[in-house]
$ cat protein-v8.cif   # mmCIF, C-alpha atoms
data_protein
#
loop_
_atom_site.label_atom_id
_atom_site.label_comp_id
_atom_site.auth_asym_id
_atom_site.auth_seq_id
_atom_site.Cartn_x
_atom_site.Cartn_y
_atom_site.Cartn_z
CA MET A 1 -5.32 -15.53 10.37
CA ASN A 2 -8.69 -14.16 9.44
CA ARG A 3 -10.26 -13.25 12.75
CA GLY A 4 -13.03 -10.93 11.87
CA ARG A 5 -15.01 -12.23 8.95
CA THR A 6 -17.24 -15.25 9.01
CA GLN A 7 -17.08 -17.11 5.74
CA PRO A 8 -20.05 -18.95 4.24
CA THR A 9 -17.99 -22.15 4.14
CA GLN A 10 -17.40 -21.80 7.85
CA ILE A 11 -21.13 -21.55 8.53
CA ALA A 12 -21.78 -24.53 6.25
CA LEU A 13 -19.17 -26.51 8.15
CA ILE A 14 -20.69 -25.68 11.51
CA VAL A 15 -24.19 -26.59 10.31
CA THR A 16 -22.99 -29.87 8.79
CA PHE A 17 -21.22 -30.70 12.03
CA GLY A 18 -24.40 -30.00 14.01
CA LEU A 19 -26.47 -32.19 11.68
CA PHE A 20 -23.92 -34.98 11.93
CA LEU A 21 -24.05 -34.87 15.74
CA ALA A 22 -27.86 -34.92 15.70
CA TYR A 23 -27.84 -37.87 13.27
CA SER A 24 -25.33 -39.77 15.43
CA TRP A 25 -27.36 -39.15 18.53
CA LEU A 26 -30.56 -40.38 16.88
CA THR A 27 -29.08 -43.49 15.27
CA GLY A 28 -26.65 -44.27 18.06
CA LEU A 29 -23.55 -43.95 15.88
CA ASP A 30 -20.72 -44.56 18.31
CA THR A 31 -17.98 -42.39 16.77
CA GLY A 32 -20.37 -39.48 16.32
CA GLN A 33 -21.48 -39.66 19.93
CA ARG A 34 -17.90 -39.71 21.12
CA ILE A 35 -17.14 -36.64 19.00
CA GLY A 36 -20.22 -34.95 20.45
CA ARG A 37 -19.16 -35.63 24.03
CA THR A 38 -15.63 -34.32 23.43
CA PHE A 39 -17.04 -31.27 21.71
CA ALA A 40 -19.49 -30.55 24.52
CA SER A 41 -17.00 -30.88 27.35
CA THR A 42 -14.31 -28.84 25.60
CA SER A 43 -16.79 -26.12 24.64
CA LEU A 44 -18.04 -25.89 28.19
CA ALA A 45 -14.51 -25.37 29.49
CA MET A 46 -14.00 -22.55 26.98
CA VAL A 47 -17.28 -20.85 27.79
CA LYS A 48 -16.20 -20.61 31.41
CA LEU A 49 -12.86 -19.00 30.56
CA LEU A 50 -13.20 -16.94 27.41
CA PRO A 51 -15.27 -14.00 28.70
CA CYS A 52 -12.76 -13.33 31.49
CA ALA A 53 -9.80 -13.47 29.12
CA PHE A 54 -11.43 -11.07 26.68
CA ILE A 55 -12.51 -8.62 29.38
CA LEU A 56 -9.00 -8.51 30.83
CA ILE A 57 -7.44 -7.94 27.42
CA ALA A 58 -9.90 -5.15 26.61
CA LEU A 59 -9.25 -3.44 29.96
CA PHE A 60 -5.54 -3.64 29.33
CA ASP A 61 -5.92 -2.13 25.87
CA THR A 62 -8.08 0.65 27.26
CA TRP A 63 -5.81 1.73 30.07
CA ILE A 64 -2.32 1.15 28.75
CA LYS A 65 -1.48 2.88 25.53
CA ARG A 66 1.40 1.54 23.51
CA GLU A 67 2.42 4.99 22.29
CA THR A 68 3.08 6.17 25.84
CA VAL A 69 5.39 3.27 26.50
CA GLU A 70 7.13 3.70 23.18
CA ARG A 71 7.92 7.32 23.92
CA HIS A 72 9.77 6.35 27.08
CA PHE A 73 11.70 3.51 25.58
CA GLY A 74 15.48 3.72 25.87
CA GLU A 75 15.43 6.77 28.10
CA GLY A 76 18.46 6.51 30.32
CA SER A 77 20.33 3.26 30.36
CA GLY A 78 20.75 0.20 32.52
CA VAL A 79 17.85 -1.73 33.90
CA ARG A 80 15.19 0.78 32.90
CA GLY A 81 15.66 0.01 29.21
CA TYR A 82 14.69 -3.60 29.91
CA VAL A 83 11.70 -2.65 32.01
CA TRP A 84 10.36 -0.47 29.20
CA GLY A 85 11.18 -3.22 26.74
CA LEU A 86 9.11 -5.62 28.81
CA LEU A 87 6.21 -3.16 29.01
CA LEU A 88 6.37 -2.37 25.33
CA ALA A 89 6.42 -6.05 24.44
CA GLY A 90 3.51 -6.68 26.77
CA THR A 91 1.37 -4.18 24.93
CA SER A 92 2.20 -5.35 21.43
CA VAL A 93 -0.32 -7.21 19.35
CA GLY A 94 0.47 -9.80 16.73
CA GLY A 95 3.49 -12.03 16.66
CA LEU A 96 7.19 -11.56 16.19
CA TYR A 97 6.74 -10.29 12.66
CA VAL A 98 5.25 -7.10 14.13
CA ALA A 99 8.17 -6.77 16.50
CA PHE A 100 10.88 -6.60 13.84
CA PRO A 101 9.80 -3.33 12.18
CA LEU A 102 9.36 -1.75 15.60
CA ALA A 103 12.76 -3.06 16.72
CA HIS A 104 14.25 -1.44 13.67
CA SER A 105 12.71 1.95 14.42
CA LEU A 106 13.70 1.74 18.09
CA HIS A 107 17.26 0.99 17.12
CA ARG A 108 17.27 3.90 14.67
CA LYS A 109 15.91 6.21 17.37
CA GLY A 110 18.91 5.37 19.52
CA ALA A 111 17.83 2.48 21.72
CA LYS A 112 20.67 0.21 22.81
CA LEU A 113 21.11 -2.94 20.76
CA THR A 114 20.93 -5.08 23.92
CA ALA A 115 17.61 -3.49 24.88
CA VAL A 116 16.27 -3.93 21.35
CA PHE A 117 17.09 -7.64 21.39
CA ALA A 118 15.54 -7.92 24.82
CA TYR A 119 12.41 -6.29 23.43
CA ILE A 120 12.24 -8.84 20.58
CA GLY A 121 12.70 -11.63 23.08
CA PHE A 122 10.03 -10.25 25.40
CA VAL A 123 7.51 -10.05 22.56
CA GLY A 124 7.77 -13.82 22.37
CA VAL A 125 7.67 -14.26 26.10
CA SER A 126 5.34 -11.81 27.74
CA ARG A 127 2.69 -10.35 25.47
CA ILE A 128 -0.21 -9.58 27.77
CA PRO A 129 -3.11 -11.07 25.77
CA TRP A 130 -1.13 -14.25 25.20
CA THR A 131 -0.14 -14.47 28.85
CA MET A 132 -3.73 -13.97 29.95
CA PHE A 133 -4.94 -16.75 27.70
CA GLU A 134 -2.17 -18.93 29.00
CA ALA A 135 -2.96 -18.29 32.65
CA SER A 136 -6.68 -18.82 32.05
CA PHE A 137 -6.25 -22.17 30.37
CA MET A 138 -3.07 -23.60 31.86
CA GLY A 139 -3.21 -22.11 35.34
CA LEU A 140 -1.22 -19.38 37.02
CA THR A 141 1.60 -21.69 38.11
CA PHE A 142 2.36 -22.60 34.50
CA THR A 143 2.56 -18.94 33.48
CA LEU A 144 4.67 -17.92 36.47
CA VAL A 145 7.16 -20.74 35.98
CA ARG A 146 7.51 -19.91 32.30
CA LEU A 147 8.02 -16.18 32.94
CA ALA A 148 10.43 -16.76 35.82
CA VAL A 149 12.60 -19.02 33.68
CA SER A 150 12.45 -17.30 30.33
CA ILE A 151 12.72 -13.60 31.26
CA PRO A 152 16.21 -13.90 32.83
CA LEU A 153 17.35 -16.14 29.97
CA VAL A 154 16.06 -13.67 27.38
CA ILE A 155 17.90 -10.81 29.11
CA LEU A 156 21.10 -12.84 29.34
CA ALA A 157 20.93 -13.83 25.66
CA SER A 158 20.16 -10.23 24.59
CA VAL A 159 23.05 -8.78 26.57
CA VAL A 160 25.50 -11.26 25.06
CA MET A 161 24.16 -10.87 21.52
CA GLY A 162 23.85 -7.10 21.80
CA ARG A 163 27.40 -6.62 23.09
CA VAL A 164 29.02 -8.92 20.54
CA LEU A 165 27.10 -7.42 17.64
CA SER A 166 27.60 -3.81 18.75
CA LYS A 167 31.35 -4.36 18.56
CA ARG A 168 30.96 -5.56 14.99
CA GLY A 169 28.93 -2.51 14.00
CA TYR A 170 25.80 -4.58 13.35
CA GLN A 171 22.68 -2.74 12.17
CA ILE A 172 19.09 -3.92 12.00
CA GLN A 173 18.03 -3.57 8.38
CA GLU A 174 14.87 -2.00 7.11
CA MET B 1 -9.99 -20.86 37.70
CA LEU B 2 -11.43 -19.06 40.72
CA ILE B 3 -8.40 -16.76 40.73
CA LEU B 4 -9.21 -15.74 37.17
CA TYR B 5 -12.74 -14.70 38.17
CA ILE B 6 -11.47 -12.77 41.18
CA VAL B 7 -8.78 -10.97 39.17
CA THR B 8 -11.26 -10.07 36.43
CA LEU B 9 -13.75 -8.78 38.97
CA ILE B 10 -11.16 -6.65 40.79
CA ALA B 11 -9.84 -5.25 37.51
CA LEU B 12 -13.36 -4.42 36.38
CA LEU B 13 -14.23 -2.71 39.65
CA ALA B 14 -11.02 -0.68 39.68
CA SER B 15 -11.60 0.36 36.10
CA PHE B 16 -15.24 1.19 36.78
CA VAL B 17 -14.38 3.41 39.73
CA THR B 18 -11.79 5.27 37.62
CA SER B 19 -13.97 5.79 34.60
CA ARG B 20 -17.41 4.42 34.02
CA GLN B 21 -17.40 5.39 30.38
CA ARG B 22 -14.11 3.80 29.44
CA THR B 23 -15.03 0.62 31.28
CA LEU B 24 -18.27 0.30 29.36
CA ALA B 25 -16.37 0.94 26.13
CA ALA B 26 -13.88 -1.76 27.10
CA LEU B 27 -16.68 -4.22 27.82
CA LYS B 28 -18.23 -3.47 24.46
CA MET B 29 -14.86 -4.03 22.80
CA ALA B 30 -14.46 -7.36 24.61
CA ALA B 31 -17.90 -8.53 23.54
CA LYS B 32 -17.31 -7.51 19.93
CA ARG B 33 -13.98 -9.31 19.73
CA LEU B 34 -15.40 -12.40 21.37
CA VAL B 35 -18.28 -12.58 18.90
CA ALA B 36 -15.89 -11.98 16.01
CA ILE B 37 -13.71 -14.96 16.80
CA LEU B 38 -16.52 -17.35 17.76
CA PRO B 39 -16.85 -18.96 14.32
CA ALA B 40 -13.11 -19.56 14.14
CA PHE B 41 -13.32 -20.95 17.64
CA LEU B 42 -16.15 -23.32 16.84
CA THR B 43 -14.28 -24.57 13.79
CA MET B 44 -11.22 -25.20 15.92
CA LEU B 45 -13.28 -27.06 18.53
CA MET B 46 -14.93 -29.17 15.86
CA ALA B 47 -11.62 -30.14 14.29
CA PHE B 48 -10.20 -30.85 17.72
CA SER B 49 -13.05 -33.10 18.85
CA ILE B 50 -13.03 -35.04 15.58
CA VAL B 51 -9.27 -35.61 15.69
CA MET B 52 -9.34 -36.51 19.38
CA SER B 53 -12.21 -38.98 18.95
CA VAL B 54 -10.83 -40.66 15.86
CA LEU B 55 -7.19 -40.91 16.90
CA PRO B 56 -6.77 -43.78 19.33
CA ASP B 57 -5.83 -42.64 22.83
CA ARG B 58 -2.88 -45.00 22.73
CA LEU B 59 -1.29 -43.23 19.78
CA ILE B 60 -1.58 -39.81 21.42
CA SER B 61 -0.12 -41.01 24.68
CA GLN B 62 2.65 -42.86 22.85
CA LEU B 63 3.67 -39.72 20.96
CA VAL B 64 3.29 -36.97 23.56
CA GLY B 65 1.59 -38.60 26.56
CA GLY B 66 2.70 -38.84 30.14
CA GLU B 67 5.21 -41.62 29.47
CA SER B 68 6.75 -40.03 26.36
CA GLY B 69 9.27 -38.00 28.40
CA TRP B 70 11.95 -36.18 26.43
CA ARG B 71 10.82 -37.69 23.15
CA GLY B 72 7.46 -36.01 23.71
CA VAL B 73 9.22 -32.73 24.48
CA ALA B 74 11.28 -33.07 21.29
CA ILE B 75 8.21 -33.74 19.15
CA ALA B 76 6.24 -30.91 20.77
CA SER B 77 9.02 -28.36 20.37
CA LEU B 78 9.54 -29.27 16.72
CA VAL B 79 5.81 -28.97 16.04
CA GLY B 80 5.72 -25.65 17.92
CA SER B 81 8.63 -24.33 15.86
CA VAL B 82 7.01 -24.96 12.50
CA THR B 83 3.41 -24.01 13.23
CA LEU B 84 1.76 -20.61 13.41
CA MET B 85 -1.26 -20.33 15.64
CA PRO B 86 -2.90 -17.54 17.62
CA GLY B 87 -2.95 -17.91 21.39
CA PHE B 88 -6.71 -18.21 21.56
CA VAL B 89 -6.42 -21.40 19.54
CA ALA B 90 -3.23 -22.78 21.06
CA PHE B 91 -4.14 -22.65 24.75
CA PRO B 92 -7.61 -24.20 24.58
CA LEU B 93 -5.97 -26.97 22.56
CA CYS B 94 -3.29 -27.40 25.22
CA ALA B 95 -5.86 -27.39 28.01
CA ALA B 96 -7.76 -30.16 26.26
CA LEU B 97 -4.55 -32.15 25.74
CA LEU B 98 -3.74 -31.67 29.40
CA GLY B 99 -7.05 -33.34 30.16
CA ARG B 100 -5.88 -36.25 28.00
CA GLY B 101 -2.84 -36.80 30.16
CA VAL B 102 -0.24 -34.85 28.20
CA SER B 103 2.32 -33.39 30.60
CA TYR B 104 2.91 -29.72 31.38
CA MET B 105 6.50 -30.25 30.25
CA VAL B 106 5.48 -31.30 26.76
CA LEU B 107 2.85 -28.56 26.48
CA SER B 108 5.26 -25.85 27.59
CA ALA B 109 7.77 -27.00 24.96
CA PHE B 110 5.03 -26.60 22.37
CA THR B 111 3.74 -23.17 23.45
CA THR B 112 7.19 -21.70 24.06
CA THR B 113 8.57 -22.68 20.66
CA LEU B 114 5.28 -21.66 19.05
CA MET B 115 5.86 -18.15 20.34
CA ASN B 116 9.61 -17.73 20.06
CA VAL B 117 10.89 -19.95 17.28
CA GLY B 118 9.74 -19.19 13.77
CA VAL B 119 10.62 -21.50 10.95
CA LEU B 120 7.83 -20.25 8.71
CA THR B 121 8.59 -16.61 9.51
CA TYR B 122 12.30 -17.07 8.76
CA PRO B 123 12.16 -15.06 5.50
CA ILE B 124 10.64 -12.05 7.29
CA GLU B 125 13.03 -12.24 10.20
CA ARG B 126 16.07 -12.58 7.94
CA ARG B 127 15.14 -9.40 6.12
CA TYR B 128 15.42 -7.41 9.33
CA LEU B 129 18.06 -9.21 11.35
CA GLY B 130 20.19 -10.85 8.67
CA ARG B 131 20.75 -14.57 8.24
CA ASN B 132 23.26 -15.24 11.00
CA VAL B 133 21.52 -13.31 13.74
CA THR B 134 18.20 -14.93 12.76
CA LEU B 135 19.68 -18.41 13.03
CA VAL B 136 21.35 -17.63 16.36
CA ARG B 137 18.22 -16.04 17.80
CA ASN B 138 16.06 -19.02 16.86
CA ALA B 139 18.60 -21.51 18.18
CA ILE B 140 18.83 -19.64 21.50
CA ASN B 141 15.05 -19.54 21.82
CA PHE B 142 14.75 -23.22 21.05
CA ALA B 143 17.23 -23.88 23.86
CA ILE B 144 15.29 -21.59 26.21
CA ALA B 145 12.12 -23.59 25.45
CA LEU B 146 13.89 -26.78 26.52
CA VAL B 147 15.02 -25.15 29.77
CA VAL B 148 11.44 -23.98 30.38
CA ALA B 149 10.21 -27.54 29.78
CA LEU B 150 12.74 -28.84 32.29
CA ALA B 151 11.58 -26.27 34.86
CA MET B 152 7.95 -27.25 34.23
CA GLY B 153 8.86 -30.87 34.79
CA PHE B 154 10.21 -30.01 38.21
CA ALA B 155 7.48 -27.51 39.09
CA PHE B 156 4.69 -29.99 38.36
CA ARG B 157 6.63 -32.97 39.71
CA GLU B 158 6.63 -34.71 36.38
CA ILE B 159 10.33 -35.43 36.69
CA SER B 160 12.57 -35.75 39.72
CA LEU B 161 16.25 -36.06 40.30
#
$ encode --input "protein-v8.cif" --output "structure tokens"
Amino acid sequence: MNRGRTQPTQIALIVTFGLFLAYSWLTGLDTGQRIGRTFASTSLAMVKLLPCAFILIALFDTWIKRETVERHFGEGSGVRGYVWGLLLAGTSVGGLYVAFPLAHSLHRKGAKLTAVFAYIGFVGVSRIPWTMFEASFMGLTFTLVRLAVSIPLVILASVVMGRVLSKRGYQIQE
Amino acid sequence: MLILYIVTLIALLASFVTSRQRTLAALKMAAKRLVAILPAFLTMLMAFSIVMSVLPDRLISQLVGGESGWRGVAIASLVGSVTLMPGFVAFPLCAALLGRGVSYMVLSAFTTTLMNVGVLTYPIERRYLGRNVTLVRNAINFAIALVVALAMGFAFREISL
């Protein structure tokens, strides 16, 4: 997705939309007015939430460096591997497709297969920016329920998959 | 909503006390990112309000509305599996749908599969994990999304035993 650049077509679209709303308002076009009301109320809800979400994400990026977490990953065994996996996943940006190359390099550096699978699972479950957006828009209860249910299930699935595949000599490919 | 403001304020204060400079840099970064995505955001809002105003309410509620139950969950999780969407688009959309009476259950099925099940990213995933592991991983995550939906149903009292 192209986040940064504003395209001319996008500006044209926005202007056309604005003109259409103005026209509907002036002539009393029913559909246009309905669109305008939906647009206004939804926009207002976003304006209230977006600044907070972006400030929190920026603070997180500033204070928690991914490299630091990565360096500690896989140190020792047992539960700590999962905790680091969770932290590492939390700090990752982009979707799963970013997680696979990193999972490969972690595995090559000697991280346990179970912990690597847990990391991949956590990327889908607990990325911080995503979670912050979620909590802002859907409420804290929604986020907490989702995390409480999916984190144990991700760990369970990773342990089973990791153990079975380790026995078969499975390797993550480059 | 209020909690969000309080958390943001506390985080900002803590950060500010630790380092004034880094906090200001972070604020600048936040502002820059926000401005950068605004056009994409407006476009999304426009599309959303057009679709929502043109589609009859009855159709939406029939497909994924409060009464749709497990069929709604099934539709939402299939849609979530095959679409790719950044979080800053997905959650505002969900919040708006929530306002239209779509249940937390259905929305959680959508967001969870959106994040964890990748039909479109299958070729990339297969390259790293191999075909079998990719299929198993996606199947497991689809199942997890259904369990999450079930839990949401209980948590928000949308279903009961």
$ resolve_selection --input "protein-v8.cif" --expression "the PyMOL selection byres ((chain A) within 7 of (chain B))" --output "number ranges by chain"
A: 3-4, 6, 14, 34-35, 38-39, 42, 52, 54-56, 58-59, 62, 97, 100, 124, 130, 133-134, 136-138, 145-146, 149-150, 153, 172-174
$ atom_distance --input "protein-v8.cif" --atom1 "atom CA of A:Leu102" --atom2 "atom CA of A:Val79"
20.2 Å
$ atom_distance --input "protein-v8.cif" --atom1 "atom CA of B:Glu67" --atom2 "atom CA of B:Leu97"
14.1 Å
$ residues_around --input "protein-v8.cif" --residues "A:Leu86" --least-positions-apart "6" --cutoff "10 Å" --atoms "all atoms listed in the file" --output "PyMOL selection string"
chain A and resi 69+80+115+118-123+125-127+151
$ atom_distance --input "protein-v8.cif" --atom1 "atom CA of A:Asp61" --atom2 "atom CA of A:Pro129"
9.4 Å
$ residues_around --input "protein-v8.cif" --residues "B:Val64" --least-positions-apart "4" --cutoff "8 Å" --atoms "all atoms listed in the file" --output "count of residues only"
11
$ closest_residue --input "protein-v8.cif" --among "A:Gln7, A:Thr114, A:Ser43, A:Thr141" --to "A:Tyr82" --atoms "all atoms listed in the file"
A:Thr114
$ residues_around --input "protein-v8.cif" --residues "B:Ala74" --least-positions-apart "4" --cutoff "8 Å" --atoms "all atoms listed in the file" --output "number ranges by chain"
B: 70, 78, 109
$ build_atoms --input "protein-v8.cif" --residues "stretch 142-155 of chain A" --atoms "N, CA and C atoms" --output "CSV table (one decimal), in the frame of the given file"
chain,number,residue,atom,x,y,z
A,142,PHE,N,1.7,-22.4,35.8
A,142,PHE,CA,2.4,-22.6,34.5
A,142,PHE,C,2.9,-21.3,34.0
A,143,THR,N,2.1,-20.2,34.0
A,143,THR,CA,2.6,-18.9,33.5
A,143,THR,C,3.7,-18.4,34.3
A,144,LEU,N,3.6,-18.5,35.6
A,144,LEU,CA,4.7,-17.9,36.5
A,144,LEU,C,6.0,-18.7,36.3
A,145,VAL,N,5.9,-20.0,36.2
A,145,VAL,CA,7.2,-20.7,36.0
A,145,VAL,C,7.8,-20.3,34.6
A,146,ARG,N,7.0,-20.2,33.6
A,146,ARG,CA,7.5,-19.9,32.3
A,146,ARG,C,8.2,-18.5,32.3
A,147,LEU,N,7.5,-17.5,32.9
A,147,LEU,CA,8.0,-16.2,32.9
A,147,LEU,C,9.3,-16.1,33.8
A,148,ALA,N,9.3,-16.8,34.9
A,148,ALA,CA,10.4,-16.8,35.8
A,148,ALA,C,11.7,-17.4,35.2
A,149,VAL,N,11.5,-18.4,34.3
A,149,VAL,CA,12.6,-19.0,33.7
A,149,VAL,C,13.0,-18.2,32.4
A,150,SER,N,12.0,-17.8,31.6
A,150,SER,CA,12.4,-17.3,30.3
A,150,SER,C,12.9,-15.8,30.4
A,151,ILE,N,12.3,-15.0,31.3
A,151,ILE,CA,12.7,-13.6,31.3
A,151,ILE,C,14.2,-13.4,31.6
A,152,PRO,N,14.8,-14.0,32.6
A,152,PRO,CA,16.2,-13.9,32.8
A,152,PRO,C,17.0,-14.4,31.7
A,153,LEU,N,16.6,-15.6,31.1
A,153,LEU,CA,17.4,-16.1,30.0
A,153,LEU,C,17.3,-15.2,28.8
A,154,VAL,N,16.2,-14.6,28.5
A,154,VAL,CA,16.1,-13.7,27.4
A,154,VAL,C,17.0,-12.5,27.6
A,155,ILE,N,17.0,-11.9,28.8
A,155,ILE,CA,17.9,-10.8,29.1
A,155,ILE,C,19.4,-11.2,28.9
